[in-house]
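Novice: The structure follows.
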Amino acid sequence: MVQEEMIKGRIAEAIVKCMFEDLGFEVIPYGYEHTCPTIAKKERLIKGDVKNHIRKAPDFIIIDKEGEANFVEVKFRADGNYKREADYPYRDCYIILLTEKYLGIEQYKNLNDTTKMDGDNFSAIHLNDKKASFKSLMSVPLLSKLDSESKKIVLDYRNLLIKYMNN
């Protein structure tokens, strides 16, 4: 069985990790695949609340030049649909949603239950046509201080996304 979605998810994580490093952030892998690799390999054998808590850990901690740290969770969804988990414990975590063409970002606490992201301007449209809250990477406080060179870096990584994810 080809695990295409898992492979695309790993590519999405690599794109986001490299992009933040090129933007001058320190990037620390934090997801359970990195912090608990033994459990990740045996996840089907482990049951209970501990397994559920470990699996919800965000993918990365990113630290800016001033020392401010943030959690980042990376999701790849070919169709652009993101469904929020009701019991996700990291409410201030930034969710970065990647599709085959776009990158969007928002804090978990600001997202609707189900959001669809599409459009050249990284717009997001709620499934019932109300505006939702995925935004351009360059428009959230986390990255609002980007200069023109940094904006070019973001666009270069979007081009990599298109190169590697487009079917």
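Chains: A, B, ... in order of the structure tokens. Residues: from 1 per chain. Ligands: from 1, in order shown.
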Which residues are near Ile95 in chain A? Cut-off 9 Å, only C-alpha atoms, ignore same chain within fewer than 5 positions. Put them as a PyMOL selection string.
Specialist: chain A and resi 58+71-75+104-108+134
Novice: So which residues touch range 142-145 of chain A within 12 Å, counting only C-alpha atoms, skipping near sequence neighbours fewer than 4 positions away, as a ChimeraX atom specification?
Specialist: /A:19-20,23-25,62-66,68-72,92-96,105-107,135-138,149-151,154
Novice: Return the single residue from A:Ala14, A:Ile61, A:Leu97, A:Ile54 that is closest to Val27 in chain A, with distances computed using only C-alpha atoms.
Specialist: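 Closest residue, counting only C-alpha atoms: A:Ile61.
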Novice: Could you pull out the helix (DSSP H, G or I) residues of chain A, going by DSSP on the backbone, and write them as a ChimeraX atom specification?
Specialist: /A:4-22,32-35,37-41,49-55,108-110,137-139,141-143,148-165
Novice: I'd like to know which residues of range 7-166 of chain A are strand (DSSP E or B) (by DSSP, run on the backbone); could you write them as an MDAnalysis selection string?
Specialist: chainID A and resid 26:29 60:63 69:76 81:83 94:98 103:107 114:117 124:126 131 135
Novice: Please provide the set of residues having any atom within 9 Å of range 77-82 of chain A, restricted to only C-alpha atoms, with same-chain residues fewer than 6 positions apart removed, written as a ChimeraX atom specification.
Specialist: /A:5,9,97-102,113-118,124,127,165-166
Novice: Nearest to Val140 in chain A among A:Asp59, A:Leu155, A:Lys17, A:Asn110, with distances taken over only C-alpha atoms: which residue is it?
Specialist: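 Among the listed residues, A:Asn110 lies closest to Val140 in chain A.
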Novice: Kindly give the distance, in Å, that separates CA of Phe76 in chain A and CA of Met6 in chain A, rounded to a single decimal.
Specialist: 9.3 Å
Novice: Give me the residues within 10 Å of Arg55 in chain A as a list of chain:residue names, counting only C-alpha atoms and dropping any in the same chain fewer than 2 places off.
Specialist: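 Everything that qualifies: A:Gly31, A:Tyr32, A:Glu33, A:Cys36, A:Ile39, A:Ala40, A:Glu43, A:Asp49, A:Val50, A:Lys51, A:Asn52, A:His53, A:Ala57, A:Pro58, A:Asp59.
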Novice: CA of Gly48 in chain A and CA of Ala86 in chain A, how far apart in Å?
Specialist: 17.9 Å
Novice: CA of Asn112 in chain A and CA of Leu161 in chain A, how far apart in Å?
Specialist: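 Spanning CA of Leu161 in chain A to CA of Asn112 in chain A is a straight-line distance of 24.6 Å.
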